[in-house]
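J.: Sharing a structure here in structure tokens format.
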Amino acid sequence: MELAGRSVWARQATLTLQCHTPPSGSYADPAEACRALVDIARRIKNRHSACPCALTPENLKPHVVGVIDGHRLSFSLDGCTLCGLGSQARHDAKVLIPTASTS
């Protein structure tokens with residue numbers, strides 16, 4: 001991809017998470033990751049405000065795809081998505097993206 005005359009490369013990593021009892025997957029602490037995922041999904045669903053955000057190419061955003069309680073979900077974990085969700089949402093994102101900064 002070209003962006004303002006520069007090539008942009010993004011590292012892709014896929015982590016797995018099963019939140020059944022007991023939680024499992026490729027996270028160091030699957031139970032903590034499950035709590036973070038459920039919390040951030042709830043916050044996004046109950047959001048009451050919109051934030052003005054700059055456009056960021058989709059392939060450069062950390063993204064969650066899965067099913068919670070039988071409902072499919074898909075959302076990014078970028079600053080625009082986390083806007084207005086509070087500091088706990090930023091903490092949740094750091095749990096779900098263990099090597100990333102979401103400030």
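Numbering starts fresh at 1 for the residues of each chain in the structure tokens, the chains themselves are lettered A, B, ... in the order given, and ligands are numbered from 1 as they appear.
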I want to know what sits within 10 Å of stretch 38-40 of chain A, based on only C-alpha atoms, with residues of the same chain fewer than 2 positions away left out; could you give that as a PDB file with C-alpha atoms, in the first residue's frame?
T.:
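The result, written out as result-v2.pdb:
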```pdb
ATOM      1  CA  CYS A  19     -14.398 -17.883  26.648  1.00  0.00           C
ATOM      2  CA  ALA A  33      -8.660 -11.517  27.854  1.00  0.00           C
ATOM      3  CA  CYS A  34     -12.265 -12.825  27.978  1.00  0.00           C
ATOM      4  CA  ARG A  35     -13.195 -10.261  30.633  1.00  0.00           C
ATOM      5  CA  ALA A  36     -11.589  -7.484  28.556  1.00  0.00           C
ATOM      6  CA  ARG A  42     -20.479  -3.977  26.002  1.00  0.00           C
ATOM      7  CA  ARG A  43     -19.017  -0.463  26.041  1.00  0.00           C
ATOM      8  CA  ILE A  44     -19.120  -0.206  22.244  1.00  0.00           C
ATOM      9  CA  LYS A  45     -22.716  -1.481  22.134  1.00  0.00           C
ATOM     10  CA  ASN A  46     -23.843   1.049  24.764  1.00  0.00           C
ATOM     11  CA  ILE A  68     -20.195 -13.445  22.112  1.00  0.00           C
ATOM     12  CA  ASP A  69     -23.328 -15.032  23.538  1.00  0.00           C
ATOM     13  CA  PHE A  75     -14.836  -4.034  15.633  1.00  0.00           C
ATOM     14  CA  LEU A  77      -9.376  -1.568  18.581  1.00  0.00           C
ATOM     15  CA  LEU A  82     -12.079   3.549  21.901  1.00  0.00           C
ATOM     16  CA  LEU A  85     -15.430   4.611  26.177  1.00  0.00           C
ATOM     17  CA  GLY A  86     -13.322   5.542  29.214  1.00  0.00           C
ATOM     18  CA  GLN A  88     -11.096   0.929  31.254  1.00  0.00           C
ATOM     19  CA  ALA A  89     -11.669   0.443  27.509  1.00  0.00           C
ATOM     20  CA  ARG A  90      -8.053   1.472  26.851  1.00  0.00           C
ATOM     21  CA  HIS A  91      -6.933  -1.041  29.470  1.00  0.00           C
ATOM     22  CA  ASP A  92      -9.125  -3.716  27.848  1.00  0.00           C
ATOM     23  CA  ALA A  93      -7.551  -2.981  24.452  1.00  0.00           C
ATOM     24  CA  LEU A  96      -6.396  -7.801  23.886  1.00  0.00           C
TER      25      LEU A  96
END
```
J.: For A:Ser24, please output as a list in words all residues within 12 Å (counting only C-alpha atoms; exclusion window: fewer than 6 positions along the same chain).
T.: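 Listed by chain and then number, they are Leu15, Thr16, Leu17, Gln18, Pro30, Ala31, Glu32, Ala33 and Cys34 of chain A.
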